[in-house]
file work-v7.txt (compact mmCIF, C-alpha atoms and all ligand atoms)
# COMPACT_ATOMS: atom_id res chain seq x y z
CA MET D 1 0.00 0.00 0.00
CA ALA D 2 1.41 3.41 -0.95
CA ASP D 3 1.89 5.96 1.80
CA ASN D 4 1.55 9.66 1.22
CA PRO D 5 3.64 11.91 3.39
CA GLY D 6 2.92 15.62 3.13
CA ILE D 7 -0.20 15.65 0.96
CA THR D 8 -1.01 19.10 -0.47
CA PHE D 9 -4.47 20.31 -1.40
CA ASP D 10 -5.12 21.68 -4.90
CA ARG D 11 -7.35 24.71 -4.67
CA ILE D 12 -10.16 24.91 -7.20
CA PRO D 13 -11.68 28.40 -7.22
CA HIS D 14 -15.44 28.56 -6.63
CA PRO D 15 -17.10 29.94 -9.77
CA ALA D 16 -20.08 31.44 -7.91
CA PRO D 17 -19.92 31.50 -4.08
CA VAL D 18 -23.09 32.53 -2.24
CA ASP D 19 -23.17 36.35 -2.00
CA ALA D 20 -22.73 38.02 1.37
CA ALA D 21 -26.36 39.12 1.80
CA ALA D 22 -27.75 35.65 1.02
CA ARG D 23 -25.16 34.05 3.31
CA THR D 24 -26.08 36.38 6.18
CA ALA D 25 -29.74 35.41 5.77
CA LEU D 26 -28.89 31.69 5.64
CA ILE D 27 -26.83 31.72 8.82
CA ALA D 28 -29.18 33.97 10.83
CA SER D 29 -31.15 31.02 12.19
CA PRO D 30 -29.47 27.91 10.85
CA GLY D 31 -30.99 25.06 12.91
CA PHE D 32 -29.01 21.84 12.44
CA GLY D 33 -27.68 20.38 9.20
CA THR D 34 -29.77 22.22 6.63
CA VAL D 35 -27.41 25.01 5.51
CA PHE D 36 -24.05 24.26 3.89
CA SER D 37 -20.99 26.37 3.12
CA ASP D 38 -19.42 27.03 -0.30
CA HIS D 39 -16.53 24.56 -0.29
CA MET D 40 -15.61 20.96 0.43
CA ILE D 41 -12.52 18.83 0.81
CA SER D 42 -12.07 15.72 -1.30
CA ILE D 43 -9.31 13.10 -1.20
CA ASP D 44 -9.27 9.79 -3.05
CA TRP D 45 -7.72 6.50 -2.00
CA SER D 46 -6.83 3.53 -4.15
CA GLU D 47 -4.78 0.41 -3.52
CA GLU D 48 -2.20 1.51 -6.08
CA LYS D 49 -1.86 5.18 -5.14
CA GLY D 50 -2.87 5.38 -1.49
CA TRP D 51 -4.23 8.84 -0.60
CA HIS D 52 -4.10 11.18 -3.60
CA ASN D 53 -5.99 13.84 -5.51
CA ALA D 54 -6.54 16.12 -2.49
CA THR D 55 -8.61 19.18 -3.33
CA LEU D 56 -10.29 22.10 -1.65
CA GLY D 57 -12.97 23.05 -4.15
CA PRO D 58 -16.59 24.12 -4.58
CA ARG D 59 -19.14 22.01 -2.67
CA GLU D 60 -20.93 20.12 -5.43
CA PRO D 61 -22.74 16.85 -6.15
CA ILE D 62 -20.57 13.76 -6.56
CA THR D 63 -20.98 11.22 -9.33
CA LEU D 64 -21.12 7.56 -8.36
CA ASP D 65 -21.56 4.44 -10.43
CA PRO D 66 -24.79 2.64 -9.43
CA ALA D 67 -22.61 -0.33 -8.46
CA ALA D 68 -20.45 1.75 -6.07
CA ALA D 69 -19.90 -0.57 -3.11
CA VAL D 70 -21.15 1.92 -0.48
CA LEU D 71 -24.63 1.92 -2.05
CA HIS D 72 -24.93 -1.82 -1.46
CA TYR D 73 -22.93 -2.81 1.61
CA ALA D 74 -22.76 0.49 3.53
CA GLN D 75 -19.00 0.70 3.90
CA GLU D 76 -19.12 4.28 5.22
CA ILE D 77 -17.86 6.11 8.30
CA PHE D 78 -18.08 9.71 9.47
CA GLU D 79 -17.07 12.18 12.15
CA GLY D 80 -18.67 15.27 13.65
CA LEU D 81 -16.79 18.22 15.16
CA LYS D 82 -17.29 21.94 15.44
CA ALA D 83 -15.32 25.11 14.74
CA TYR D 84 -16.09 27.90 17.23
CA LYS D 85 -15.63 31.62 17.21
CA GLN D 86 -13.54 32.39 20.27
CA ALA D 87 -14.03 35.37 22.53
CA ASP D 88 -10.95 36.99 20.90
CA GLY D 89 -12.44 36.62 17.40
CA GLN D 90 -10.18 33.71 16.40
CA ILE D 91 -11.65 30.49 15.06
CA SER D 92 -10.85 27.31 16.97
CA LEU D 93 -11.34 23.57 16.73
CA PHE D 94 -12.07 21.42 19.80
CA ARG D 95 -9.96 18.23 20.04
CA PRO D 96 -9.74 17.55 16.28
CA ASP D 97 -6.98 15.00 16.98
CA ALA D 98 -9.49 12.94 18.99
CA ASN D 99 -11.86 12.92 16.02
CA ALA D 100 -8.98 11.93 13.72
CA SER D 101 -8.10 9.05 15.99
CA ARG D 102 -11.74 7.86 16.32
CA PHE D 103 -12.13 8.14 12.53
CA ASN D 104 -9.28 5.67 12.13
CA ALA D 105 -10.72 3.34 14.77
CA SER D 106 -13.97 3.35 12.76
CA ALA D 107 -11.97 2.77 9.55
CA ARG D 108 -10.31 -0.31 11.05
CA ARG D 109 -13.67 -1.75 12.14
CA LEU D 110 -15.17 -1.21 8.67
CA ALA D 111 -12.08 -2.61 6.85
CA MET D 112 -11.25 0.77 5.34
CA PRO D 113 -7.88 2.51 4.92
CA GLU D 114 -6.73 4.79 7.73
CA LEU D 115 -6.20 8.47 6.99
CA PRO D 116 -3.04 9.92 8.61
CA GLU D 117 -4.24 12.05 11.54
CA ASP D 118 -2.36 15.13 10.37
CA ILE D 119 -4.13 14.97 7.00
CA PHE D 120 -7.52 14.67 8.74
CA VAL D 121 -6.81 17.71 10.93
CA ASP D 122 -5.32 19.69 8.04
CA SER D 123 -8.32 18.93 5.81
CA VAL D 124 -10.71 20.28 8.45
CA ARG D 125 -8.52 23.32 9.05
CA GLN D 126 -8.34 24.15 5.33
CA LEU D 127 -12.11 23.97 4.93
CA VAL D 128 -12.81 26.10 8.00
CA LEU D 129 -10.37 28.77 6.86
CA ALA D 130 -11.89 28.82 3.36
CA ASP D 131 -15.44 29.11 4.72
CA ARG D 132 -14.88 31.09 7.92
CA ASP D 133 -17.47 33.67 6.80
CA TRP D 134 -20.11 30.95 7.24
CA MET D 135 -19.64 30.96 11.03
CA PRO D 136 -23.06 31.88 12.49
CA GLU D 137 -23.12 34.78 14.93
CA VAL D 138 -26.16 33.48 16.83
CA GLU D 139 -25.81 32.46 20.49
CA GLY D 140 -24.56 28.87 20.63
CA GLY D 141 -23.78 28.89 16.90
CA SER D 142 -20.82 27.08 15.35
CA LEU D 143 -19.59 25.65 12.08
CA TYR D 144 -20.26 21.89 12.18
CA LEU D 145 -17.72 19.84 10.23
CA ARG D 146 -18.62 16.50 8.77
CA PRO D 147 -15.61 14.45 7.56
CA PHE D 148 -16.69 11.14 6.01
CA MET D 149 -15.36 8.30 3.88
CA PHE D 150 -17.09 5.73 1.70
CA ALA D 151 -16.31 2.83 -0.63
CA SER D 152 -16.44 4.24 -4.16
CA GLU D 153 -15.26 1.16 -6.05
CA THR D 154 -17.61 -0.15 -8.75
CA PHE D 155 -17.91 -3.74 -7.56
CA LEU D 156 -20.66 -5.95 -6.18
CA GLY D 157 -18.63 -8.70 -4.53
CA VAL D 158 -18.72 -8.64 -0.75
CA ARG D 159 -15.19 -7.71 0.32
CA PRO D 160 -13.43 -4.52 1.41
CA ALA D 161 -13.42 -2.08 -1.52
CA LYS D 162 -10.23 -1.06 -3.27
CA GLN D 163 -11.23 2.57 -3.78
CA TYR D 164 -12.53 5.17 -1.33
CA LYS D 165 -13.46 8.83 -1.20
CA TYR D 166 -12.88 11.04 1.83
CA LEU D 167 -14.85 14.30 1.91
CA VAL D 168 -15.36 17.10 4.42
CA ILE D 169 -18.36 19.42 4.29
CA ALA D 170 -19.30 22.26 6.64
CA SER D 171 -22.68 23.33 7.98
CA PRO D 172 -23.41 26.44 10.06
CA VAL D 173 -25.50 25.24 12.99
CA GLY D 174 -27.43 26.46 16.01
CA ASN D 175 -29.21 24.20 18.50
CA TYR D 176 -29.60 20.51 17.70
CA PHE D 177 -32.96 20.29 19.46
CA LYS D 178 -35.68 22.37 17.84
CA SER D 179 -38.00 22.40 20.83
CA GLY D 180 -35.93 24.92 22.81
CA ALA D 181 -37.35 23.23 25.96
CA PRO D 182 -35.10 23.43 29.04
CA ALA D 183 -34.81 19.62 29.16
CA VAL D 184 -35.48 16.84 26.67
CA SER D 185 -37.74 13.87 27.02
CA ILE D 186 -36.58 10.39 26.05
CA TRP D 187 -38.19 7.09 25.12
CA VAL D 188 -36.71 3.75 26.19
CA SER D 189 -36.79 1.35 23.27
CA ARG D 190 -38.01 -2.12 24.22
CA ASP D 191 -38.21 -3.63 20.76
CA TYR D 192 -34.99 -2.38 19.17
CA THR D 193 -31.33 -2.29 20.08
CA ARG D 194 -28.67 -0.09 18.50
CA ALA D 195 -25.64 -2.35 18.69
CA ALA D 196 -24.77 -5.87 19.74
CA PRO D 197 -21.61 -7.29 21.34
CA GLY D 198 -19.07 -7.77 18.57
CA GLY D 199 -21.00 -5.43 16.26
CA THR D 200 -20.22 -1.91 15.11
CA GLY D 201 -21.59 0.13 18.02
CA ALA D 202 -18.22 1.68 18.89
CA ALA D 203 -17.65 2.77 15.28
CA LYS D 204 -19.16 5.90 13.79
CA CYS D 205 -20.58 4.21 10.70
CA GLY D 206 -23.71 5.27 8.83
CA GLY D 207 -25.32 1.85 9.28
CA ASN D 208 -25.67 2.37 13.04
CA TYR D 209 -27.74 5.48 12.41
CA ALA D 210 -29.88 3.78 9.74
CA ALA D 211 -30.72 1.12 12.33
CA SER D 212 -31.71 3.80 14.86
CA LEU D 213 -34.27 5.55 12.65
CA VAL D 214 -37.30 3.34 13.34
CA PRO D 215 -36.89 3.47 17.16
CA GLN D 216 -36.15 7.22 16.91
CA ALA D 217 -39.34 7.68 14.88
CA GLU D 218 -41.21 5.70 17.53
CA ALA D 219 -39.87 8.10 20.18
CA ILE D 220 -41.00 11.14 18.17
CA GLU D 221 -44.42 9.59 17.50
CA ARG D 222 -44.89 9.16 21.24
CA GLY D 223 -43.99 12.79 21.84
CA HIS D 224 -40.34 12.41 22.92
CA ASP D 225 -37.15 13.97 21.60
CA GLN D 226 -34.78 10.99 21.54
CA VAL D 227 -34.59 7.24 21.99
CA VAL D 228 -32.42 5.56 24.63
CA PHE D 229 -31.04 2.14 23.79
CA LEU D 230 -30.51 -0.74 26.20
CA ASP D 231 -27.92 -3.48 25.77
CA ALA D 232 -28.70 -6.16 23.19
CA ALA D 233 -28.00 -9.21 25.38
CA GLU D 234 -30.09 -8.55 28.51
CA HIS D 235 -32.22 -5.52 27.53
CA LYS D 236 -31.38 -4.16 30.93
CA TRP D 237 -28.30 -1.94 30.87
CA ILE D 238 -28.53 1.64 29.65
CA GLU D 239 -26.22 2.26 26.69
CA GLU D 240 -26.73 5.63 24.97
CA LEU D 241 -29.06 7.71 22.80
CA GLY D 242 -29.06 7.56 18.99
CA GLY D 243 -26.41 10.30 18.83
CA MET D 244 -25.38 11.15 22.40
CA ASN D 245 -23.86 9.59 25.51
CA LEU D 246 -25.58 9.69 28.91
CA PHE D 247 -24.50 10.72 32.43
CA PHE D 248 -26.33 10.18 35.76
CA VAL D 249 -25.86 12.36 38.85
CA PHE D 250 -26.77 11.25 42.39
CA ASP D 251 -27.74 13.18 45.51
CA ASP D 252 -24.37 12.47 47.14
CA GLY D 253 -22.62 14.22 44.20
CA ARG D 254 -21.52 10.98 42.53
CA MET D 255 -21.72 10.86 38.74
CA ILE D 256 -21.66 7.78 36.48
CA THR D 257 -21.75 7.02 32.76
CA PRO D 258 -22.06 3.60 31.09
CA PRO D 259 -18.69 1.95 30.39
CA LEU D 260 -17.31 1.59 26.86
CA THR D 261 -18.20 -2.05 26.37
CA GLY D 262 -17.71 -2.01 22.60
CA SER D 263 -21.31 -1.28 21.72
CA ILE D 264 -21.24 2.39 22.78
CA LEU D 265 -19.66 5.23 20.82
CA PRO D 266 -16.68 6.63 22.76
CA GLY D 267 -17.84 10.24 22.75
CA ILE D 268 -15.26 13.00 22.85
CA THR D 269 -17.66 15.16 24.85
CA ARG D 270 -18.13 12.23 27.28
CA ASN D 271 -14.37 11.90 27.67
CA SER D 272 -13.93 15.68 28.15
CA LEU D 273 -16.65 15.85 30.82
CA LEU D 274 -15.15 12.88 32.69
CA THR D 275 -11.84 14.76 32.74
CA LEU D 276 -13.40 18.05 33.87
CA ALA D 277 -15.45 16.36 36.61
CA ARG D 278 -12.50 14.31 37.91
CA GLU D 279 -10.22 17.30 38.18
CA GLN D 280 -12.83 19.05 40.32
CA GLY D 281 -12.67 16.16 42.72
CA LEU D 282 -16.10 14.79 41.86
CA SER D 283 -16.57 11.09 42.32
CA VAL D 284 -16.97 9.80 38.78
CA ALA D 285 -17.24 6.23 37.54
CA GLU D 286 -17.78 4.39 34.28
CA GLU D 287 -20.28 1.91 35.59
CA PRO D 288 -23.22 -0.12 34.27
CA TYR D 289 -26.62 1.28 35.26
CA SER D 290 -29.87 -0.55 34.66
CA ILE D 291 -33.18 0.86 33.49
CA ASP D 292 -34.93 -0.53 36.61
CA GLN D 293 -32.40 1.12 38.92
CA TRP D 294 -32.75 4.40 37.01
CA ARG D 295 -36.53 4.36 37.52
CA GLU D 296 -36.20 3.43 41.19
CA ASP D 297 -33.51 6.05 41.91
CA ALA D 298 -35.47 8.79 40.13
CA GLY D 299 -38.51 7.85 42.21
CA SER D 300 -36.66 7.82 45.53
CA GLY D 301 -34.84 11.06 44.78
CA LYS D 302 -31.42 9.37 44.93
CA LEU D 303 -30.89 10.24 41.26
CA VAL D 304 -31.06 14.00 40.86
CA GLU D 305 -29.87 14.69 37.29
CA THR D 306 -29.41 12.97 33.95
CA PHE D 307 -27.89 14.59 30.90
CA ALA D 308 -27.05 13.68 27.34
CA CYS D 309 -23.87 14.91 25.68
CA GLY D 310 -22.30 15.03 22.25
CA THR D 311 -20.83 17.43 19.74
CA ALA D 312 -24.16 18.27 18.15
CA ALA D 313 -26.20 18.32 21.38
CA VAL D 314 -23.41 19.75 23.64
CA VAL D 315 -24.81 19.05 27.15
CA THR D 316 -28.57 18.57 27.24
CA PRO D 317 -30.56 17.83 30.42
CA VAL D 318 -32.97 14.89 30.34
CA GLY D 319 -36.16 15.76 32.20
CA ARG D 320 -38.54 12.91 31.48
CA VAL D 321 -38.15 9.23 30.62
CA ALA D 322 -40.91 7.03 29.24
CA SER D 323 -41.19 3.36 28.34
CA HIS D 324 -43.84 0.68 27.96
CA ASP D 325 -43.71 0.41 31.78
CA GLY D 326 -44.70 4.04 32.34
CA GLU D 327 -43.03 7.37 32.80
CA PHE D 328 -40.77 9.03 35.36
CA VAL D 329 -39.42 12.52 35.93
CA ILE D 330 -35.83 13.29 36.88
CA GLY D 331 -35.29 15.83 39.65
CA SER D 332 -37.41 18.89 38.95
CA GLY D 333 -37.79 17.86 35.28
CA GLY D 334 -35.56 20.77 34.28
CA PRO D 335 -31.81 21.38 34.11
CA GLY D 336 -29.85 20.27 37.17
CA GLN D 337 -27.05 22.18 38.87
CA LEU D 338 -24.12 19.94 37.96
CA THR D 339 -25.36 19.61 34.38
CA ALA D 340 -25.46 23.39 34.07
CA ARG D 341 -22.01 23.82 35.63
CA LEU D 342 -20.31 21.20 33.45
CA LYS D 343 -21.95 22.63 30.35
CA GLU D 344 -20.76 26.12 31.23
CA GLN D 345 -17.20 24.89 31.74
CA LEU D 346 -17.09 22.90 28.52
CA VAL D 347 -18.62 25.65 26.42
CA GLY D 348 -16.30 28.15 28.12
CA ILE D 349 -13.25 26.18 26.99
CA GLN D 350 -14.66 25.77 23.48
CA ARG D 351 -15.39 29.51 23.22
CA GLY D 352 -12.18 30.64 24.90
CA THR D 353 -13.73 32.22 28.01
CA GLU D 354 -12.30 29.48 30.27
CA GLU D 355 -8.68 28.44 30.44
CA ASP D 356 -7.77 25.49 28.19
CA ARG D 357 -5.63 23.46 30.61
CA HIS D 358 -5.62 20.30 28.51
CA GLY D 359 -4.49 21.57 25.10
CA TRP D 360 -7.95 20.81 23.68
CA ILE D 361 -8.17 23.97 21.58
CA THR D 362 -6.50 24.36 18.19
CA LYS D 363 -6.61 27.99 17.11
CA LEU D 364 -6.78 28.52 13.37
CA GLY D 365 -6.26 32.28 13.39
N1 LIG K 401 -23.04 8.52 20.69
C1 LIG K 401 -23.39 8.52 19.40
C2 LIG K 401 -24.12 7.34 18.87
C3 LIG K 401 -23.05 9.62 18.58
O1 LIG K 401 -23.41 9.64 17.29
C4 LIG K 401 -22.36 10.71 19.13
C5 LIG K 401 -22.01 11.87 18.31
O2 LIG K 401 -21.02 11.91 17.70
C6 LIG K 401 -22.00 10.65 20.48
C7 LIG K 401 -22.35 9.55 21.24
C8 LIG K 401 -21.21 11.75 21.12
O3 LIG K 401 -19.91 11.78 20.62
P1 LIG K 401 -19.07 13.12 20.58
O4 LIG K 401 -19.11 13.66 21.95
O5 LIG K 401 -17.72 12.70 20.16
O6 LIG K 401 -19.72 14.01 19.60
C1 LIG K 402 -22.50 14.59 16.51
O1 LIG K 402 -22.79 14.93 17.65
O2 LIG K 402 -21.56 15.08 15.89
C2 LIG K 402 -23.21 13.52 15.85
O3 LIG K 402 -22.68 12.99 14.93
C3 LIG K 402 -24.56 13.18 16.33
C4 LIG K 402 -25.61 13.15 15.28
C5 LIG K 402 -25.82 14.46 14.59
C6 LIG K 402 -25.40 12.03 14.30

call {"tool": "encode", "arguments": {"input": "work-v7.txt", "output": "structure tokens"}}
result
Amino acid sequence: MADNPGITFDRIPHPAPVDAAARTALIASPGFGTVFSDHMISIDWSEEKGWHNATLGPREPITLDPAAAVLHYAQEIFEGLKAYKQADGQISLFRPDANASRFNASARRLAMPELPEDIFVDSVRQLVLADRDWMPEVEGGSLYLRPFMFASETFLGVRPAKQYKYLVIASPVGNYFKSGAPAVSIWVSRDYTRAAPGGTGAAKCGGNYAASLVPQAEAIERGHDQVVFLDAAEHKWIEELGGMNLFFVFDDGRMITPPLTGSILPGITRNSLLTLAREQGLSVAEEPYSIDQWREDAGSGKLVETFACGTAAVVTPVGRVASHDGEFVIGSGGPGQLTARLKEQLVGIQRGTEEDRHGWITKLG
């Protein structure tokens, strides 16, 4: 396999970027994942050439043969990270090296080639710098980056493809949850699981999200914001939401999150919050927690807060939980104190109003 030290990006000028007035209107209230910037990154991989053909060019449709392997066997992975406008006006990335490393872990699980971490980070940096004017000014706004890779080889045999495309697109975003409610409500899926032992739950591959759509739709139909998945073997242990990890806070100040058993995505927000909580001397554990215990502890008042966390959702309090066995409320049903404090600290680091003691911030200028 060829290796490609020091890849350089060819720059293809955009023939007709969105004009400033239209862009300002588009980013005024962007929501999540509906508005896209002018440019994209594209890099190809083949067995013969390794990574090659790196470009920063106009964002445009891609042409695929109908027999492209990804369309049949779903050999696809992605990442999600954000660029933030810092208090000093500079643009920053939050832990892009962690996304690069997780991208390669996903690549290994899906039998895809790894992308050198410095190329991943550089690709994101180049796109953000090209499209920095797309950064929304709204409170909580950021430029969401979506690096992804898929099997582009024209071949219907079931084996790892010999050609891939890596792309990065950017989307100005505001809040992930439309409702604007102070806390979200979640539905415990009884009939569906997200990931099984030995499966792809720890990888960020599109197929995991395809499998979550029916249970997520069930949650929405029943009036909830998100679905929470239990483990596939015993249907007992809380795993995570369709796109967020979960934390539980007790009345004695203890905080737990489900352990990374292989069927849970190792969230970078999860990891950052564990670090922040530990350094404040909080008692934190990665520990299995069952749905029955959750219900009982919420009822007795032993459990005082639950929150979901992820790049898109940041830190979001969970107020209400419902399942076929009934419904329970957590704490006051609104945001809890520790949830609010951890969110403030994390967002402060991301936005440059709190000291970055861990080297999590990469300033792009
Ligand atoms: N769990 C799932 C299934 C996700 O899709 C995400 C989002 O990326 C997360 C957890 C949170 O991960 P992170 O904090 O790295 O965004
Ligand atoms: C993220 O938080 O970046 C995610 O990928 C979650 C969801 C939008 C898929």

call {"tool": "residues_near_point", "arguments": {"input": "work-v7.txt", "point": "(-22.7, 3.8, 9.5)", "cutoff": "8 Å", "atoms": "only C-alpha atoms", "output": "ChimeraX atom specification"}}
result
/D:74-78,203-210

call {"tool": "closest_residue", "arguments": {"input": "work-v7.txt", "among": "D:Gly57, D:Glu48, D:Tyr73, D:Pro17", "to": "Trp134 in chain D", "atoms": "all atoms listed in the file"}}
result
D:Pro17

call {"tool": "residues_near_ligand", "arguments": {"input": "work-v7.txt", "ligand": "ligand LIG 401 (chain K)", "cutoff": "10 Å", "atoms": "only C-alpha atoms and all ligand atoms", "output": "number ranges by chain"}}
result
D: 78-82, 95, 98-99, 102, 194-195, 201-206, 208-209, 212, 229, 239-246, 263-273, 308-315

call {"tool": "atom_distance", "arguments": {"input": "work-v7.txt", "atom1": "CA of Ser29 in chain D", "atom2": "CA of Glu344 in chain D"}}
result
22.2 Å

call {"tool": "residues_around", "arguments": {"input": "work-v7.txt", "residues": "His72 in chain D", "least_positions_apart": "2", "cutoff": "12 Å", "atoms": "all atoms listed in the file", "output": "VMD selection string"}}
result
chain D and resid 65 to 70 74 to 76 150 to 159 161 207

call {"tool": "residues_around", "arguments": {"input": "work-v7.txt", "residues": "Leu93 in chain D", "least_positions_apart": "4", "cutoff": "12 Å", "atoms": "only C-alpha atoms", "output": "short mmCIF file (atom, residue, chain, number, x, y, z; two decimals) with C-alpha atoms, in the frame of the given file"}}
result
data_model
loop_
_atom_site.label_atom_id
_atom_site.label_comp_id
_atom_site.auth_asym_id
_atom_site.auth_seq_id
_atom_site.Cartn_x
_atom_site.Cartn_y
_atom_site.Cartn_z
CA GLY D 80 -18.67 15.27 13.65
CA LEU D 81 -16.79 18.22 15.16
CA LYS D 82 -17.29 21.94 15.44
CA ALA D 83 -15.32 25.11 14.74
CA TYR D 84 -16.09 27.90 17.23
CA LYS D 85 -15.63 31.62 17.21
CA GLN D 86 -13.54 32.39 20.27
CA ASP D 97 -6.98 15.00 16.98
CA ALA D 98 -9.49 12.94 18.99
CA ASN D 99 -11.86 12.92 16.02
CA VAL D 121 -6.81 17.71 10.93
CA ASP D 122 -5.32 19.69 8.04
CA VAL D 124 -10.71 20.28 8.45
CA ARG D 125 -8.52 23.32 9.05
CA GLN D 126 -8.34 24.15 5.33
CA LEU D 127 -12.11 23.97 4.93
CA VAL D 128 -12.81 26.10 8.00
CA LEU D 129 -10.37 28.77 6.86
CA SER D 142 -20.82 27.08 15.35
CA LEU D 143 -19.59 25.65 12.08
CA TYR D 144 -20.26 21.89 12.18
CA LEU D 145 -17.72 19.84 10.23
CA THR D 311 -20.83 17.43 19.74
CA ILE D 349 -13.25 26.18 26.99
CA GLN D 350 -14.66 25.77 23.48
CA ARG D 351 -15.39 29.51 23.22
CA GLY D 352 -12.18 30.64 24.90
CA GLY D 359 -4.49 21.57 25.10
CA TRP D 360 -7.95 20.81 23.68
CA ILE D 361 -8.17 23.97 21.58
CA THR D 362 -6.50 24.36 18.19
CA LYS D 363 -6.61 27.99 17.11
CA LEU D 364 -6.78 28.52 13.37
CA GLY D 365 -6.26 32.28 13.39
#

call {"tool": "atom_distance", "arguments": {"input": "work-v7.txt", "atom1": "CA of Thr24 in chain D", "atom2": "CA of Glu139 in chain D"}}
result
14.8 Å

call {"tool": "closest_atom_pairs", "arguments": {"input": "work-v7.txt", "of": "range 127-232 of chain D", "to": "range 321-332 of chain D", "cutoff": "6 Å", "atoms": "only C-alpha atoms", "output": "CSV"}}
result
residue,atom,partner,partner_atom,distance
D:Ser185,CA,D:Val321,CA,5.9
D:Ile186,CA,D:Val321,CA,5.0
D:Trp187,CA,D:Ala322,CA,4.9
D:Val188,CA,D:Ser323,CA,5.0

call {"tool": "atom_distance", "arguments": {"input": "work-v7.txt", "atom1": "CA of Val184 in chain D", "atom2": "CA of Thr316 in chain D"}}
result
7.1 Å

call {"tool": "closest_residue", "arguments": {"input": "work-v7.txt", "among": "D:Thr353, D:Thr275, D:Thr339, D:Thr34", "to": "ligand LIG 402 (chain K)", "atoms": "all atoms listed in the file"}}
result
D:Thr34

call {"tool": "residues_around", "arguments": {"input": "work-v7.txt", "residues": "Pro61 in chain D", "least_positions_apart": "2", "cutoff": "12 Å", "atoms": "all atoms listed in the file", "output": "PyMOL selection string"}}
result
chain D and resi 39-40+42+57-59+63-64+167+169
